[in-house]
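Trainee: I'd like to ask some things about the structure below.
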Amino acid sequence: MESYQVTQWGQPLRRVRSATPTPAGTEVLVRVSACGVCHSDVHIRDGCYDMGFGKSIELEKIGIHLPLTMGHEIVGTVAAKGPDADAHATGGAPVVVYPWIGCGHCRHCLRGAELDCETPRSLGTRQAGGYSDHVLVPHARYALPYEGIDPLVAASAACSGLTAYSALKKIPPCSPEDVVVVIGAGGLGLAALGLIRKLTPARVVVVDANPAKLQFARPLADAVLDIADAAAPRALRDLADGGAAAVVDFVGLPQTFEWGLAALRKGGSLIEVGLFGGGVALSVPLLPMRNLKIMGSYVGSLAEFKELLTLLREPGVTTVPVLPRPMSEINEIFEEIRQGQVAGRVMAVV
Ligand SMILES: [Zn+2]
Ligand SMILES: [Zn+2]
């Protein structure tokens, strides 16, 4: 099989030929037809995350090793299955892959909370992912049918869609008078805007620094605000009658965190999703005095993925716009994403 691998941190991916694996036990071999290109892969390729205050996490130290085939928004067909794999995974069956896989035997995995597993085996980070023509999936339960959904949309659901969906589910109950702010109108933000009307009756305000992205988001929102505009916080307070009930930050920069926290009304929730990196100084008494909640949201569970696939079959539900490109252009795609040129989700097609 042919894969695009990180062989040196920070360097372009290399096309590598290797033997196609044979599935054993419960494993399923999926022939990849397309794999979404996630912004987090740009960080993973660089080998570290900026944790703020001059600190960074080196991925080698948290169990991510080279060579690595990244890619975690995988759609394809079942090529072969191990003798113990579930019957639904018959040869040729179209499947979308859930990549956020746990070890399977720790206390978190055993209670169905794989996302909290301390030794995850996620596809595309901890083991080979979808920038390849084949991928080995440990168990057929992670290879799901998606009939009724466009294949590229189904693929994007595995990360951008699921991350957006799980974050939106953390918004507290709202009324139509409330305002929910979505920070970031990139891939994740647009995925969220396609789903948000199904999950909250609140009005939706989108905040970004890029006028072109705001223009893209405008038809999906009740209002858009430019984070660089000094008048934007005041405009939000006026719109929201004091402040937002919830802010979902899909960017994750110090600036967006601080903007989001300041935008909340008393009792509001800040849901942090983005992984751009950095740190902030926080006034600790602010949290109890304003009764605020800050929480993180990382991708989503297998159960949420199944819910999302059901939701995507409903009329009027959209997700991030998908932009198919040949997988052979993977390094050019990475550069375009790094430079913030992509409005939507690039799908690398085999
Ligand atoms: Zn991703
Ligand atoms: Zn585990």
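Here's how to read the names in the structure tokens: chain A, B, ... by the order shown, residue numbers from 1 in each chain, ligand numbers from 1 in the order shown.
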Identify, on the basis of only C-alpha atoms, every residue whose closest approach to Val322 in chain A does not exceed 7 Å; exclude the query and any residue fewer than 2 positions from it along the same chain; express the result as number ranges by chain.

Mentor: A: 152-153, 320, 324, 344-347

Trainee: For the residues in that selection, give me N, CA and C atoms as an mmCIF file, in the first residue's frame.

Mentor:
```cif
data_model
loop_
_atom_site.group_PDB
_atom_site.id
_atom_site.type_symbol
_atom_site.label_atom_id
_atom_site.label_comp_id
_atom_site.auth_asym_id
_atom_site.auth_seq_id
_atom_site.Cartn_x
_atom_site.Cartn_y
_atom_site.Cartn_z
ATOM 1 N N LEU A 152 -18.106 12.193 1.516
ATOM 2 C CA LEU A 152 -17.140 13.176 2.026
ATOM 3 C C LEU A 152 -17.676 13.871 3.278
ATOM 4 N N VAL A 153 -18.991 14.061 3.314
ATOM 5 C CA VAL A 153 -19.607 14.645 4.515
ATOM 6 C C VAL A 153 -19.486 13.661 5.682
ATOM 7 N N VAL A 320 -19.629 21.117 7.552
ATOM 8 C CA VAL A 320 -18.628 21.953 6.901
ATOM 9 C C VAL A 320 -18.617 21.691 5.378
ATOM 10 N N PRO A 324 -13.023 18.491 -2.323
ATOM 11 C CA PRO A 324 -12.181 17.351 -2.702
ATOM 12 C C PRO A 324 -10.929 17.767 -3.470
ATOM 13 N N GLY A 344 -13.496 25.786 4.746
ATOM 14 C CA GLY A 344 -14.174 24.508 4.592
ATOM 15 C C GLY A 344 -13.198 23.383 4.888
ATOM 16 N N ARG A 345 -13.572 22.172 4.499
ATOM 17 C CA ARG A 345 -12.761 21.007 4.803
ATOM 18 C C ARG A 345 -12.215 20.404 3.523
ATOM 19 N N VAL A 346 -10.885 20.391 3.390
ATOM 20 C CA VAL A 346 -10.295 19.723 2.232
ATOM 21 C C VAL A 346 -10.346 18.225 2.469
ATOM 22 N N MET A 347 -10.854 17.484 1.486
ATOM 23 C CA MET A 347 -10.892 16.036 1.560
ATOM 24 C C MET A 347 -9.863 15.501 0.555
#
```

Trainee: Hey, what's within 10 Å of Gly278 in chain A if we count only C-alpha atoms and toss same-chain stuff fewer than 3 positions away? As a PyMOL selection string, please?

Mentor: chain A and resi 49-56+252-255+257+275

Trainee: Those selected residues, please, written with N, CA and C atoms and delivered as a PDB file, in the first residue's frame.

Mentor:
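Final output, saved to part.pdb:
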```pdb
ATOM      1  N   TYR A  49       3.037  21.018  20.529  1.00  0.00           N
ATOM      2  CA  TYR A  49       1.947  21.954  20.769  1.00  0.00           C
ATOM      3  C   TYR A  49       2.442  23.066  21.679  1.00  0.00           C
ATOM      4  N   ASP A  50       2.048  24.304  21.343  1.00  0.00           N
ATOM      5  CA  ASP A  50       2.388  25.460  22.173  1.00  0.00           C
ATOM      6  C   ASP A  50       1.424  25.494  23.356  1.00  0.00           C
ATOM      7  N   MET A  51       1.948  25.315  24.570  1.00  0.00           N
ATOM      8  CA  MET A  51       1.102  25.296  25.766  1.00  0.00           C
ATOM      9  C   MET A  51       1.069  26.656  26.460  1.00  0.00           C
ATOM     10  N   GLY A  52       1.697  27.664  25.870  1.00  0.00           N
ATOM     11  CA  GLY A  52       1.722  28.989  26.468  1.00  0.00           C
ATOM     12  C   GLY A  52       2.874  29.134  27.441  1.00  0.00           C
ATOM     13  N   PHE A  53       3.193  30.381  27.784  1.00  0.00           N
ATOM     14  CA  PHE A  53       4.244  30.702  28.760  1.00  0.00           C
ATOM     15  C   PHE A  53       5.582  30.068  28.386  1.00  0.00           C
ATOM     16  N   GLY A  54       5.842  29.985  27.078  1.00  0.00           N
ATOM     17  CA  GLY A  54       7.120  29.450  26.617  1.00  0.00           C
ATOM     18  C   GLY A  54       7.242  27.944  26.721  1.00  0.00           C
ATOM     19  N   LYS A  55       6.159  27.263  27.124  1.00  0.00           N
ATOM     20  CA  LYS A  55       6.217  25.801  27.252  1.00  0.00           C
ATOM     21  C   LYS A  55       5.574  25.157  26.030  1.00  0.00           C
ATOM     22  N   SER A  56       6.078  23.985  25.690  1.00  0.00           N
ATOM     23  CA  SER A  56       5.412  23.233  24.627  1.00  0.00           C
ATOM     24  C   SER A  56       5.467  21.750  24.974  1.00  0.00           C
ATOM     25  N   GLY A 252      -9.055  28.822  20.101  1.00  0.00           N
ATOM     26  CA  GLY A 252      -8.152  28.403  21.169  1.00  0.00           C
ATOM     27  C   GLY A 252      -6.864  29.197  21.249  1.00  0.00           C
ATOM     28  N   LEU A 253      -6.950  30.484  20.937  1.00  0.00           N
ATOM     29  CA  LEU A 253      -5.818  31.397  21.144  1.00  0.00           C
ATOM     30  C   LEU A 253      -6.068  32.180  22.433  1.00  0.00           C
ATOM     31  N   PRO A 254      -5.006  32.712  23.065  1.00  0.00           N
ATOM     32  CA  PRO A 254      -5.239  33.561  24.236  1.00  0.00           C
ATOM     33  C   PRO A 254      -6.271  34.653  23.963  1.00  0.00           C
ATOM     34  N   GLN A 255      -6.183  35.263  22.786  1.00  0.00           N
ATOM     35  CA  GLN A 255      -7.094  36.358  22.443  1.00  0.00           C
ATOM     36  C   GLN A 255      -8.554  35.877  22.386  1.00  0.00           C
ATOM     37  N   PHE A 257      -9.825  33.145  23.846  1.00  0.00           N
ATOM     38  CA  PHE A 257     -10.228  32.716  25.189  1.00  0.00           C
ATOM     39  C   PHE A 257     -10.664  33.925  26.011  1.00  0.00           C
ATOM     40  N   LEU A 275      -7.245  24.297  19.367  1.00  0.00           N
ATOM     41  CA  LEU A 275      -5.930  23.887  19.872  1.00  0.00           C
ATOM     42  C   LEU A 275      -4.816  24.728  19.272  1.00  0.00           C
TER      43      LEU A 275
END
```

Trainee: Per residue of range 121-205 of chain A within 12 Å of range 102-109 of chain A, note the shortest atom pair and the distance in Å to one decimal, counting only C-alpha atoms, and order the rows by chain and increasing residue number, as CSV.

Mentor:
```
residue,atom,partner,partner_atom,distance
A:Arg121,CA,A:Gly102,CA,5.4
A:Ser122,CA,A:Gly102,CA,6.8
A:Leu123,CA,A:Gly102,CA,10.0
A:Arg126,CA,A:Gly102,CA,10.1
A:Gln127,CA,A:Gly102,CA,11.4
A:Pro138,CA,A:Gly104,CA,10.1
A:His139,CA,A:Gly104,CA,10.3
A:Tyr142,CA,A:Gly102,CA,11.1
```

Trainee: Please, what distance in Å, to one decimal, runs between CA of Phe276 in chain A and CA of Ser160 in chain A?

Mentor: 14.9 Å

Trainee: Sorted by chain and rising residue number, list the residues of range 160-268 of chain A at most 12 Å from range 27-44 of chain A (counting only C-alpha atoms), each with its closest atom pair and distance in Å to one decimal, as CSV.

Mentor:
```
residue,atom,partner,partner_atom,distance
A:Ser160,CA,A:Cys38,CA,7.7
A:Gly161,CA,A:Gly36,CA,11.1
A:Thr163,CA,A:Cys38,CA,11.4
A:Gly186,CA,A:His39,CA,9.8
A:Gly187,CA,A:Cys38,CA,8.5
A:Leu188,CA,A:Cys38,CA,9.6
A:Phe250,CA,A:His39,CA,11.5
A:Val251,CA,A:His39,CA,10.7
A:Gly252,CA,A:Ser40,CA,11.9
```

Trainee: Quick one: write out the picked residues with C-alpha atoms as a short mmCIF file (atom, residue, chain, number, x, y, z; two decimals), in the first residue's frame?

Mentor:
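Writing the result to part.cif gives the following:
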```cif
data_model
loop_
_atom_site.label_atom_id
_atom_site.label_comp_id
_atom_site.auth_asym_id
_atom_site.auth_seq_id
_atom_site.Cartn_x
_atom_site.Cartn_y
_atom_site.Cartn_z
CA SER A 160 -14.73 18.37 12.44
CA GLY A 161 -18.40 17.35 12.59
CA THR A 163 -15.89 17.93 17.52
CA GLY A 186 -13.10 27.98 9.88
CA GLY A 187 -13.81 24.29 9.37
CA LEU A 188 -15.01 23.60 12.92
CA PHE A 250 -13.16 26.82 18.10
CA VAL A 251 -9.88 28.74 17.79
CA GLY A 252 -8.15 28.40 21.17
#
```

Trainee: For CA of Ser132 in chain A and CA of Glu2 in chain A, determine how far apart the two atoms are, in Å to one decimal place.

Mentor: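 For CA of Ser132 in chain A relative to CA of Glu2 in chain A, the distance reads 5.7 Å.
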
Trainee: Between A:Lys170, A:Arg111, A:His88, A:Lys198, single out the one closest to Ala143 in chain A, counting only C-alpha atoms.

Mentor: A:His88

Trainee: With only C-alpha atoms counted and 12 Å as the cut-off, give the residues of range 187-296 of chain A in contact with range 308-315 of chain A, each with its shortest interatomic distance in Å and the pair that gives it, as CSV.

Mentor:
```
residue,atom,partner,partner_atom,distance
A:Ala191,CA,A:Leu312,CA,11.2
A:Ala192,CA,A:Leu308,CA,11.6
A:Gly194,CA,A:Leu312,CA,9.7
A:Leu195,CA,A:Leu311,CA,8.5
A:Ile196,CA,A:Leu311,CA,11.3
A:Arg197,CA,A:Leu311,CA,11.6
A:Lys198,CA,A:Leu311,CA,8.6
A:Leu199,CA,A:Leu311,CA,10.4
```
